[in-house]
file upload-v1.pdb (PDB, C-alpha atoms)
MODEL        1
ATOM      1  CA  MET M 106       0.000   0.000   0.000
ATOM      2  CA  LYS M 107       1.256   3.452  -0.987
ATOM      3  CA  THR M 108      -0.170   6.569   0.636
ATOM      4  CA  ILE M 109      -0.098  10.090  -0.783
ATOM      5  CA  VAL M 110      -1.383  13.334   0.692
ATOM      6  CA  CYS M 111      -2.237  16.469  -1.272
ATOM      7  CA  ALA M 112      -1.416  19.280   1.143
ATOM      8  CA  ILE M 113      -1.686  23.053   1.139
ATOM      9  CA  GLN M 114      -2.741  25.477   3.845
ATOM     10  CA  LYS M 115      -5.093  27.648   1.809
ATOM     11  CA  GLY M 116      -8.421  26.732   0.225
ATOM     12  CA  GLY M 117      -9.122  26.953  -3.497
ATOM     13  CA  GLN M 118      -5.697  25.725  -4.573
ATOM     14  CA  GLY M 119      -6.836  22.515  -6.300
ATOM     15  CA  LYS M 120      -6.069  20.091  -3.474
ATOM     16  CA  SER M 121      -9.307  18.110  -3.736
ATOM     17  CA  MET M 122      -9.307  18.330  -7.544
ATOM     18  CA  LEU M 123      -5.859  16.757  -7.648
ATOM     19  CA  SER M 124      -6.784  14.119  -5.061
ATOM     20  CA  THR M 125      -9.837  13.177  -7.133
ATOM     21  CA  HIS M 126      -7.937  12.873 -10.398
ATOM     22  CA  LEU M 127      -5.147  10.840  -8.775
ATOM     23  CA  ALA M 128      -7.778   8.382  -7.551
ATOM     24  CA  PHE M 129      -9.462   8.219 -10.971
ATOM     25  CA  LEU M 130      -6.213   7.725 -12.895
ATOM     26  CA  ALA M 131      -4.888   5.072 -10.516
ATOM     27  CA  ALA M 132      -8.189   3.195 -10.912
ATOM     28  CA  GLU M 133      -7.912   3.503 -14.699
ATOM     29  CA  GLN M 134      -4.486   1.891 -14.397
ATOM     30  CA  GLY M 135      -6.031  -1.096 -12.641
ATOM     31  CA  ARG M 136      -5.219  -0.180  -9.061
ATOM     32  CA  SER M 137      -7.402  -0.459  -5.998
ATOM     33  CA  VAL M 138      -7.748   3.018  -4.496
ATOM     34  CA  VAL M 139      -9.078   4.241  -1.167
ATOM     35  CA  ALA M 140      -9.796   7.985  -1.060
ATOM     36  CA  VAL M 141      -9.867   9.399   2.473
ATOM     37  CA  ASP M 142     -11.685  12.715   2.827
ATOM     38  CA  LEU M 143     -10.381  14.455   5.961
ATOM     39  CA  ASP M 144     -11.891  17.839   5.134
ATOM     40  CA  GLY M 145     -15.116  18.743   6.886
ATOM     41  CA  GLN M 146     -16.415  20.361   3.689
ATOM     42  CA  GLY M 147     -16.442  16.938   2.017
ATOM     43  CA  THR M 148     -15.289  18.208  -1.382
ATOM     44  CA  LEU M 149     -13.402  15.028  -2.276
ATOM     45  CA  THR M 150     -16.460  12.942  -1.397
ATOM     46  CA  ARG M 151     -18.670  15.049  -3.696
ATOM     47  CA  ASN M 152     -16.091  15.025  -6.493
ATOM     48  CA  LEU M 153     -15.902  11.249  -6.499
ATOM     49  CA  PHE M 154     -19.602  10.507  -6.442
ATOM     50  CA  GLU M 155     -22.390  12.387  -8.193
ATOM     51  CA  GLY M 156     -25.473  11.918  -6.051
ATOM     52  CA  ASP M 157     -26.261  11.017  -2.465
ATOM     53  CA  ILE M 158     -23.893   8.858  -0.475
ATOM     54  CA  ASP M 159     -24.332   7.406   2.994
ATOM     55  CA  ARG M 160     -21.817   9.398   5.026
ATOM     56  CA  ASP M 161     -22.511   7.215   8.053
ATOM     57  CA  ALA M 162     -21.345   4.043   6.308
ATOM     58  CA  SER M 163     -17.627   4.898   6.083
ATOM     59  CA  PRO M 164     -16.897   8.145   7.910
ATOM     60  CA  SER M 165     -13.250   9.212   7.974
ATOM     61  CA  LEU M 166     -13.778  10.076  11.639
ATOM     62  CA  SER M 167     -13.638   6.328  12.362
ATOM     63  CA  LEU M 168      -9.949   6.385  11.406
ATOM     64  CA  PHE M 169      -9.324   8.426  14.548
ATOM     65  CA  THR M 170     -11.872   7.222  17.094
ATOM     66  CA  GLY M 171     -14.432   4.474  17.683
ATOM     67  CA  SER M 172     -14.797   1.345  15.582
ATOM     68  CA  ILE M 173     -13.000   1.480  12.256
ATOM     69  CA  ARG M 174     -15.391   1.348   9.306
ATOM     70  CA  LYS M 175     -14.609  -0.188   5.944
ATOM     71  CA  PRO M 176     -14.371   2.056   2.837
ATOM     72  CA  THR M 177     -17.482   2.335   0.668
ATOM     73  CA  PRO M 178     -16.883   1.026  -2.899
ATOM     74  CA  LEU M 179     -18.092   3.445  -5.565
ATOM     75  CA  THR M 180     -19.874   2.548  -8.776
ATOM     76  CA  LEU M 181     -18.228   4.975 -11.172
ATOM     77  CA  PRO M 182     -20.134   6.249 -14.230
ATOM     78  CA  PHE M 183     -17.224   5.273 -16.482
ATOM     79  CA  LYS M 184     -15.172   2.132 -16.958
ATOM     80  CA  VAL M 185     -11.966   1.496 -15.013
ATOM     81  CA  GLN M 186      -9.848  -1.614 -14.581
ATOM     82  CA  GLY M 187      -9.407  -1.045 -10.864
ATOM     83  CA  GLY M 188     -11.745   0.547  -8.373
ATOM     84  CA  VAL M 189     -12.254   3.464  -5.984
ATOM     85  CA  SER M 190     -13.604   3.288  -2.447
ATOM     86  CA  VAL M 191     -14.131   6.265  -0.172
ATOM     87  CA  MET M 192     -13.958   7.204   3.477
ATOM     88  CA  THR M 193     -16.336  10.147   3.579
ATOM     89  CA  GLY M 194     -15.706  13.563   5.059
ATOM     90  CA  ASP M 195     -18.215  15.741   6.875
ATOM     91  CA  ARG M 196     -18.471  18.280   9.685
ATOM     92  CA  ARG M 197     -18.065  15.635  12.373
ATOM     93  CA  LEU M 198     -14.323  15.673  11.621
ATOM     94  CA  VAL M 199     -14.021  18.809  13.739
ATOM     95  CA  GLN M 200     -14.162  16.439  16.736
ATOM     96  CA  ILE M 201     -10.580  15.454  15.919
ATOM     97  CA  ASP M 202      -9.371  19.010  16.442
ATOM     98  CA  GLU M 203     -11.502  19.537  19.552
ATOM     99  CA  THR M 204     -10.548  16.293  21.356
ATOM    100  CA  PRO M 205      -7.086  16.535  22.923
ATOM    101  CA  LYS M 206      -6.839  12.796  23.601
ATOM    102  CA  ILE M 207      -6.937  12.059  19.852
ATOM    103  CA  GLY M 208      -3.310  12.207  18.779
ATOM    104  CA  ALA M 209      -2.015  13.088  15.330
ATOM    105  CA  GLY M 210      -0.524   9.596  15.052
ATOM    106  CA  ALA M 211      -3.926   7.906  15.321
ATOM    107  CA  LEU M 212      -4.510   7.932  11.559
ATOM    108  CA  ARG M 213      -1.283   6.122  10.743
ATOM    109  CA  ASP M 214      -1.979   3.486  13.382
ATOM    110  CA  ARG M 215      -5.481   2.728  12.047
ATOM    111  CA  LEU M 216      -5.149   3.301   8.304
ATOM    112  CA  ALA M 217      -3.472  -0.010   7.508
ATOM    113  CA  GLU M 218      -6.304  -1.909   9.197
ATOM    114  CA  CYS M 219      -8.845  -0.008   7.122
ATOM    115  CA  ALA M 220      -7.144   0.124   3.726
ATOM    116  CA  GLY M 221      -4.163  -2.209   3.886
ATOM    117  CA  ALA M 222      -5.406  -4.354   0.988
ATOM    118  CA  SER M 223      -5.499  -1.399  -1.418
ATOM    119  CA  ASP M 224      -2.737  -0.321  -3.799
ATOM    120  CA  LEU M 225      -3.107   3.404  -3.158
ATOM    121  CA  VAL M 226      -4.535   5.598  -0.432
ATOM    122  CA  VAL M 227      -5.167   9.255  -1.287
ATOM    123  CA  LEU M 228      -5.487  11.550   1.734
ATOM    124  CA  ASP M 229      -7.239  14.905   1.360
ATOM    125  CA  PRO M 230      -6.852  16.937   4.586
ATOM    126  CA  PRO M 231      -8.263  20.416   5.265
ATOM    127  CA  PRO M 232      -6.286  23.446   4.026
ATOM    128  CA  THR M 233      -5.064  24.443   7.479
ATOM    129  CA  LEU M 234      -1.975  23.601   9.505
ATOM    130  CA  GLY M 235      -3.928  21.653  12.124
ATOM    131  CA  LYS M 236      -4.077  18.170  13.574
ATOM    132  CA  ARG M 237      -5.670  16.521  10.542
ATOM    133  CA  LEU M 238      -3.046  17.814   8.107
ATOM    134  CA  ARG M 239      -0.292  16.777  10.501
ATOM    135  CA  ALA M 240      -1.926  13.353  10.896
ATOM    136  CA  ALA M 241      -2.041  12.926   7.113
ATOM    137  CA  LEU M 242       1.654  13.818   6.808
ATOM    138  CA  ILE M 243       2.538  11.350   9.563
ATOM    139  CA  ALA M 244       0.581   8.604   7.777
ATOM    140  CA  ALA M 245       1.754   9.306   4.212
ATOM    141  CA  ASP M 246       4.594   7.992   2.086
ATOM    142  CA  PHE M 247       4.450  10.957  -0.299
ATOM    143  CA  VAL M 248       3.248  14.559  -0.269
ATOM    144  CA  VAL M 249       2.459  16.811  -3.242
ATOM    145  CA  MET M 250       1.496  20.477  -2.912
ATOM    146  CA  PRO M 251      -0.809  22.077  -5.498
ATOM    147  CA  PHE M 252      -0.900  25.868  -5.363
ATOM    148  CA  VAL M 253      -2.241  28.873  -7.241
ATOM    149  CA  PRO M 254       0.470  31.398  -8.207
ATOM    150  CA  ALA M 255      -0.852  34.207  -6.024
ATOM    151  CA  ARG M 256       1.164  35.990  -3.347
ATOM    152  CA  GLU M 257      -1.134  34.967  -0.487
ATOM    153  CA  SER M 258      -0.901  31.337  -1.611
ATOM    154  CA  VAL M 259       2.872  31.293  -1.866
ATOM    155  CA  ASP M 260       3.494  33.146   1.394
ATOM    156  CA  GLY M 261       2.325  30.173   3.457
ATOM    157  CA  LEU M 262       4.429  27.573   1.666
ATOM    158  CA  GLY M 263       7.356  28.185   4.007
ATOM    159  CA  ASP M 264       5.229  27.299   7.054
ATOM    160  CA  LEU M 265       3.988  24.150   5.320
ATOM    161  CA  MET M 266       7.532  23.093   4.441
ATOM    162  CA  ASP M 267       8.588  23.682   8.050
ATOM    163  CA  THR M 268       5.740  21.416   9.185
ATOM    164  CA  ILE M 269       6.759  18.737   6.688
ATOM    165  CA  GLU M 270      10.369  18.869   7.894
ATOM    166  CA  GLU M 271       9.203  18.663  11.516
ATOM    167  CA  VAL M 272       7.045  15.627  10.723
ATOM    168  CA  LYS M 273       9.937  13.967   8.901
ATOM    169  CA  ARG M 274      12.275  14.620  11.818
ATOM    170  CA  ASP M 275       9.969  13.567  14.642
ATOM    171  CA  HIS M 276       7.431  11.100  13.200
ATOM    172  CA  ASN M 277       7.856  10.005   9.590
ATOM    173  CA  PRO M 278      11.444  10.042   8.281
ATOM    174  CA  GLY M 279      10.388   8.166   5.144
ATOM    175  CA  LEU M 280       8.012  10.897   3.932
ATOM    176  CA  GLN M 281       8.998  11.925   0.386
ATOM    177  CA  VAL M 282       8.166  15.359  -1.025
ATOM    178  CA  ILE M 283       7.159  15.037  -4.681
ATOM    179  CA  GLY M 284       7.007  18.800  -5.137
ATOM    180  CA  LEU M 285       4.886  21.829  -5.929
ATOM    181  CA  LEU M 286       2.292  21.711  -8.713
ATOM    182  CA  ALA M 287       1.245  25.077 -10.131
ATOM    183  CA  ASN M 288      -2.511  25.144 -10.692
ATOM    184  CA  LYS M 289      -4.986  27.649 -12.164
ATOM    185  CA  VAL M 290      -2.151  29.409 -13.938
ATOM    186  CA  ASN M 291      -3.137  32.402 -16.077
ATOM    187  CA  SER M 292      -0.917  32.123 -19.143
ATOM    188  CA  ARG M 293      -1.474  35.805 -19.958
ATOM    189  CA  SER M 294      -0.484  37.074 -16.524
ATOM    190  CA  GLY M 295       2.995  38.451 -16.087
ATOM    191  CA  PHE M 296       2.384  38.362 -12.342
ATOM    192  CA  ASP M 297       1.817  34.579 -12.413
ATOM    193  CA  ARG M 298       5.000  34.158 -14.409
ATOM    194  CA  ARG M 299       7.025  36.259 -11.972
ATOM    195  CA  ILE M 300       5.806  34.236  -9.001
ATOM    196  CA  LEU M 301       6.697  30.976 -10.731
ATOM    197  CA  ASP M 302      10.105  32.354 -11.711
ATOM    198  CA  ASP M 303      10.731  33.460  -8.123
ATOM    199  CA  LEU M 304       9.795  30.011  -6.834
ATOM    200  CA  GLN M 305      12.023  28.380  -9.406
ATOM    201  CA  ASP M 306      14.935  30.545  -8.285
ATOM    202  CA  ALA M 307      14.262  29.968  -4.584
ATOM    203  CA  ALA M 308      13.589  26.226  -4.778
ATOM    204  CA  PRO M 309      14.676  24.898  -8.177
ATOM    205  CA  ASP M 310      14.061  21.263  -7.249
ATOM    206  CA  MET M 311      10.558  21.790  -5.868
ATOM    207  CA  LEU M 312       8.471  22.903  -8.862
ATOM    208  CA  LEU M 313       7.106  20.019 -10.918
ATOM    209  CA  PRO M 314       7.971  20.199 -14.632
ATOM    210  CA  MET M 315       4.356  20.837 -15.674
ATOM    211  CA  MET M 316       1.473  23.098 -14.713
ATOM    212  CA  ILE M 317      -2.309  23.236 -14.958
ATOM    213  CA  HIS M 318      -3.848  26.364 -16.468
ATOM    214  CA  GLU M 319      -7.048  28.072 -15.375
ATOM    215  CA  ARG M 320      -9.962  26.504 -17.263
ATOM    216  CA  THR M 321     -13.606  26.121 -16.285
ATOM    217  CA  SER M 322     -13.700  22.624 -17.776
ATOM    218  CA  VAL M 323     -11.775  21.293 -14.770
ATOM    219  CA  SER M 324     -14.389  22.434 -12.250
ATOM    220  CA  GLY M 325     -17.119  21.257 -14.626
ATOM    221  CA  ALA M 326     -15.664  17.765 -14.693
ATOM    222  CA  MET M 327     -15.525  17.677 -10.896
ATOM    223  CA  ALA M 328     -19.169  18.722 -10.680
ATOM    224  CA  ALA M 329     -19.997  15.712 -12.874
ATOM    225  CA  SER M 330     -17.722  13.335 -10.914
ATOM    226  CA  ARG M 331     -15.661  12.504 -13.992
ATOM    227  CA  PRO M 332     -11.995  13.002 -14.875
ATOM    228  CA  VAL M 333     -11.559  16.053 -17.070
ATOM    229  CA  TRP M 334      -9.788  14.008 -19.761
ATOM    230  CA  LEU M 335     -12.735  11.637 -20.226
ATOM    231  CA  GLY M 336     -14.771  12.449 -23.342
ATOM    232  CA  ALA M 337     -12.937  15.733 -23.652
ATOM    233  CA  ASN M 338     -14.814  17.534 -26.429
ATOM    234  CA  GLY M 339     -13.644  21.013 -27.360
ATOM    235  CA  ALA M 340     -10.119  22.411 -27.503
ATOM    236  CA  SER M 341     -10.136  23.903 -24.013
ATOM    237  CA  ARG M 342     -11.274  20.701 -22.323
ATOM    238  CA  GLN M 343      -8.816  18.626 -24.337
ATOM    239  CA  LEU M 344      -5.976  20.880 -23.189
ATOM    240  CA  ALA M 345      -7.191  20.730 -19.596
ATOM    241  CA  GLY M 346      -7.489  16.960 -19.768
ATOM    242  CA  ALA M 347      -3.981  16.606 -21.170
ATOM    243  CA  GLU M 348      -2.485  18.861 -18.483
ATOM    244  CA  VAL M 349      -4.228  17.228 -15.533
ATOM    245  CA  ARG M 350      -3.512  13.728 -16.806
ATOM    246  CA  LYS M 351       0.170  14.548 -17.391
ATOM    247  CA  ALA M 352       0.535  15.899 -13.848
ATOM    248  CA  CYS M 353      -1.229  12.906 -12.297
ATOM    249  CA  MET M 354       0.759  10.462 -14.420
ATOM    250  CA  HIS M 355       4.024  12.053 -13.252
ATOM    251  CA  ILE M 356       2.932  11.854  -9.616
ATOM    252  CA  LEU M 357       1.785   8.226  -9.835
ATOM    253  CA  GLN M 358       4.960   7.223 -11.655
ATOM    254  CA  THR M 359       6.916   8.713  -8.764
ATOM    255  CA  VAL M 360       4.773   6.897  -6.194
ATOM    256  CA  PHE M 361       4.988   3.529  -7.923
ATOM    257  CA  LYS M 362       8.481   4.023  -9.391
ATOM    258  CA  ARG M 363       7.187   3.310 -12.897
TER     259      ARG M 363
ENDMDL
END
call {"tool": "encode", "arguments": {"input": "upload-v1.pdb", "output": "structure tokens"}}
result
Amino acid sequence: MKTIVCAIQKGGQGKSMLSTHLAFLAAEQGRSVVAVDLDGQGTLTRNLFEGDIDRDASPSLSLFTGSIRKPTPLTLPFKVQGGVSVMTGDRRLVQIDETPKIGAGALRDRLAECAGASDLVVLDPPPTLGKRLRAALIAADFVVMPFVPARESVDGLGDLMDTIEEVKRDHNPGLQVIGLLANKVNSRSGFDRRILDDLQDAAPDMLLPMMIHERTSVSGAMAASRPVWLGANGASRQLAGAEVRKACMHILQTVFKR
């Protein structure tokens, strides 16, 4: 079992979008995937499944407290060789932050029992430097950081990297940083380009060698619980599909070492 977390400390950066597409692509490749939604907003859960889902059947909260539930298998509206199951996220996850006796290491200790038979676990924590993000980093083998090239997004990356280094030092020395994935890039914006150039100069080994541009077709695909590359009609959606698939392919190749 390989475990990856998509982490960033600001909302709207594409964290859940990337988590969703990693799960879809890994399933296309024939892998068994468990998607764990640790965000109280439940965006990953909604992205994966269009329609109502029983959030009491497999709540992610059970990975921290109480009896561990089994992931809920999803019937996807498109064909894959593997499969996706989900541990659902909802507002009850705030109990983790509000209960001191629940430690950040609880997720790692219980995740193998829940999802040990799967090939890949995708963790989608909330966009804050709290207990659930720390727990995901402690439990993960890999971390990737999607971000929007805006000053307020980039300013917090240093704090996130400090947290990652602290987790590696004190809890999870095997955690591997895949890198930073630029998302929602405006190709016409000189400001976006300057931010990316500054990041490249400051951390030349951190930026992934691809980016995802701002296109409404990505959010449209998530609303329909489908990968953006599937049935990509129209030039814009085809470009979006190619970019997202290329990024996810690179990440999965790193996780599974080709």
call {"tool": "closest_residue", "arguments": {"input": "upload-v1.pdb", "among": "M:Ser121, M:Gln134, M:Ser165, M:Gln114", "to": "Thr233 (chain M)", "atoms": "all atoms listed in the file"}}
result
M:Gln114
call {"tool": "resolve_selection", "arguments": {"input": "upload-v1.pdb", "expression": "the PyMOL selection byres ((chain M and resi 319-334) around 8)", "output": "NGL selection string"}}
result
:M and (122 or 126 or 129 or 151-155 or 182-183 or 288-291 or 317-318 or 335-337 or 341-343 or 345-347 or 349-350)
call {"tool": "residues_around", "arguments": {"input": "upload-v1.pdb", "residues": "Met315 (chain M)", "least_positions_apart": "3", "cutoff": "12 Å", "atoms": "all atoms listed in the file", "output": "PyMOL selection string"}}
result
chain M and resi 251+284-288+290+301+311-312+318+347-356
call {"tool": "closest_atom_pairs", "arguments": {"input": "upload-v1.pdb", "of": "region 237-260 of chain M", "to": "region 209-212 of chain M", "cutoff": "8 Å", "atoms": "only C-alpha atoms", "output": "Markdown table"}}
result
| residue | atom | partner | partner_atom | distance |
| --- | --- | --- | --- | --- |
| M:Arg237 | CA | M:Ala209 | CA | 6.9 |
| M:Arg239 | CA | M:Ala209 | CA | 6.3 |
| M:Ala240 | CA | M:Ala209 | CA | 4.4 |
| M:Ala241 | CA | M:Leu212 | CA | 7.1 |
| M:Ile243 | CA | M:Gly210 | CA | 6.5 |
| M:Ala244 | CA | M:Leu212 | CA | 6.4 |
call {"tool": "residues_around", "arguments": {"input": "upload-v1.pdb", "residues": "Ser137 (chain M)", "least_positions_apart": "2", "cutoff": "12 Å", "atoms": "only C-alpha atoms", "output": "VMD selection string"}}
result
chain M and resid 106 to 107 127 to 135 139 to 140 176 178 to 179 185 to 191 220 to 227
call {"tool": "closest_residue", "arguments": {"input": "upload-v1.pdb", "among": "M:Gly208, M:Gly171, M:Gly117, M:Gly235", "to": "Glu257 (chain M)", "atoms": "all atoms listed in the file"}}
result
M:Gly117
call {"tool": "atom_distance", "arguments": {"input": "upload-v1.pdb", "atom1": "CA of Lys236 (chain M)", "atom2": "CA of Arg136 (chain M)"}}
result
29.2 Å
call {"tool": "resolve_selection", "arguments": {"input": "upload-v1.pdb", "expression": "the PyMOL selection byres ((chain M and resi 159-162) around 12)", "output": "number ranges by chain"}}
result
M: 142, 145, 147, 150-151, 154, 156-158, 163-167, 172-179, 190-198
call {"tool": "atom_distance", "arguments": {"input": "upload-v1.pdb", "atom1": "CA of Ile207 (chain M)", "atom2": "CA of Leu238 (chain M)"}}
result
13.6 Å
call {"tool": "closest_residue", "arguments": {"input": "upload-v1.pdb", "among": "M:Ser124, M:Thr180, M:Gln146, M:Thr268", "to": "Val249 (chain M)", "atoms": "all atoms listed in the file"}}
result
M:Ser124
call {"tool": "atom_distance", "arguments": {"input": "upload-v1.pdb", "atom1": "CA of Phe252 (chain M)", "atom2": "CA of Gly119 (chain M)"}}
result
6.9 Å
call {"tool": "axis_aligned_box", "arguments": {"input": "upload-v1.pdb", "around": "region 167-176 of chain M", "padding_each_side": "4 Å", "output": "JSON"}}
result
{"center_x": -12.4, "center_y": 4.1, "center_z": 10.3, "size_x": 14.1, "size_y": 16.6, "size_z": 22.8}
call {"tool": "closest_residue", "arguments": {"input": "upload-v1.pdb", "among": "M:Leu242, M:Val253, M:Leu143, M:Val248", "to": "Asp202 (chain M)", "atoms": "all atoms listed in the file"}}
result
M:Leu143
call {"tool": "closest_residue", "arguments": {"input": "upload-v1.pdb", "among": "M:Val360, M:Leu168, M:Leu304, M:Val141", "to": "Ile201 (chain M)", "atoms": "all atoms listed in the file"}}
result
M:Leu168
call {"tool": "resolve_selection", "arguments": {"input": "upload-v1.pdb", "expression": "the PyMOL selection byres ((chain M and resi 277) around 9)", "output": "PDB file with C-alpha atoms, in the coordinates of the input"}}
result
ATOM      1  CA  LEU M 242       1.654  13.818   6.808  1.00  0.00           C
ATOM      2  CA  ILE M 243       2.538  11.350   9.563  1.00  0.00           C
ATOM      3  CA  ALA M 244       0.581   8.604   7.777  1.00  0.00           C
ATOM      4  CA  ALA M 245       1.754   9.306   4.212  1.00  0.00           C
ATOM      5  CA  ASP M 246       4.594   7.992   2.086  1.00  0.00           C
ATOM      6  CA  GLU M 271       9.203  18.663  11.516  1.00  0.00           C
ATOM      7  CA  VAL M 272       7.045  15.627  10.723  1.00  0.00           C
ATOM      8  CA  LYS M 273       9.937  13.967   8.901  1.00  0.00           C
ATOM      9  CA  ARG M 274      12.275  14.620  11.818  1.00  0.00           C
ATOM     10  CA  ASP M 275       9.969  13.567  14.642  1.00  0.00           C
ATOM     11  CA  HIS M 276       7.431  11.100  13.200  1.00  0.00           C
ATOM     12  CA  PRO M 278      11.444  10.042   8.281  1.00  0.00           C
ATOM     13  CA  GLY M 279      10.388   8.166   5.144  1.00  0.00           C
ATOM     14  CA  LEU M 280       8.012  10.897   3.932  1.00  0.00           C
TER      15      LEU M 280
END
call {"tool": "closest_residue", "arguments": {"input": "upload-v1.pdb", "among": "M:Lys115, M:Lys362, M:Lys206, M:Lys184", "to": "Thr170 (chain M)", "atoms": "only C-alpha atoms"}}
result
M:Lys206
call {"tool": "decode", "arguments": {"input": "upload-v1.pdb", "residues": "region 132-184 of chain M", "atoms": "C-alpha atoms", "output": "CSV table (one decimal), in the first residue's frame"}}
result
chain,number,residue,atom,x,y,z
M,132,ALA,CA,-8.2,3.2,-10.9
M,133,GLU,CA,-7.9,3.5,-14.7
M,134,GLN,CA,-4.5,1.9,-14.4
M,135,GLY,CA,-6.0,-1.1,-12.6
M,136,ARG,CA,-5.2,-0.2,-9.1
M,137,SER,CA,-7.4,-0.5,-6.0
M,138,VAL,CA,-7.7,3.0,-4.5
M,139,VAL,CA,-9.1,4.2,-1.2
M,140,ALA,CA,-9.8,8.0,-1.1
M,141,VAL,CA,-9.9,9.4,2.5
M,142,ASP,CA,-11.7,12.7,2.8
M,143,LEU,CA,-10.4,14.5,6.0
M,144,ASP,CA,-11.9,17.8,5.1
M,145,GLY,CA,-15.1,18.7,6.9
M,146,GLN,CA,-16.4,20.4,3.7
M,147,GLY,CA,-16.4,16.9,2.0
M,148,THR,CA,-15.3,18.2,-1.4
M,149,LEU,CA,-13.4,15.0,-2.3
M,150,THR,CA,-16.5,12.9,-1.4
M,151,ARG,CA,-18.7,15.0,-3.7
M,152,ASN,CA,-16.1,15.0,-6.5
M,153,LEU,CA,-15.9,11.2,-6.5
M,154,PHE,CA,-19.6,10.5,-6.4
M,155,GLU,CA,-22.4,12.4,-8.2
M,156,GLY,CA,-25.5,11.9,-6.1
M,157,ASP,CA,-26.3,11.0,-2.5
M,158,ILE,CA,-23.9,8.9,-0.5
M,159,ASP,CA,-24.3,7.4,3.0
M,160,ARG,CA,-21.8,9.4,5.0
M,161,ASP,CA,-22.5,7.2,8.1
M,162,ALA,CA,-21.3,4.0,6.3
M,163,SER,CA,-17.6,4.9,6.1
M,164,PRO,CA,-16.9,8.1,7.9
M,165,SER,CA,-13.3,9.2,8.0
M,166,LEU,CA,-13.8,10.1,11.6
M,167,SER,CA,-13.6,6.3,12.4
M,168,LEU,CA,-9.9,6.4,11.4
M,169,PHE,CA,-9.3,8.4,14.5
M,170,THR,CA,-11.9,7.2,17.1
M,171,GLY,CA,-14.4,4.5,17.7
M,172,SER,CA,-14.8,1.3,15.6
M,173,ILE,CA,-13.0,1.5,12.3
M,174,ARG,CA,-15.4,1.3,9.3
M,175,LYS,CA,-14.6,-0.2,5.9
M,176,PRO,CA,-14.4,2.1,2.8
M,177,THR,CA,-17.5,2.3,0.7
M,178,PRO,CA,-16.9,1.0,-2.9
M,179,LEU,CA,-18.1,3.4,-5.6
M,180,THR,CA,-19.9,2.5,-8.8
M,181,LEU,CA,-18.2,5.0,-11.2
M,182,PRO,CA,-20.1,6.2,-14.2
M,183,PHE,CA,-17.2,5.3,-16.5
M,184,LYS,CA,-15.2,2.1,-17.0
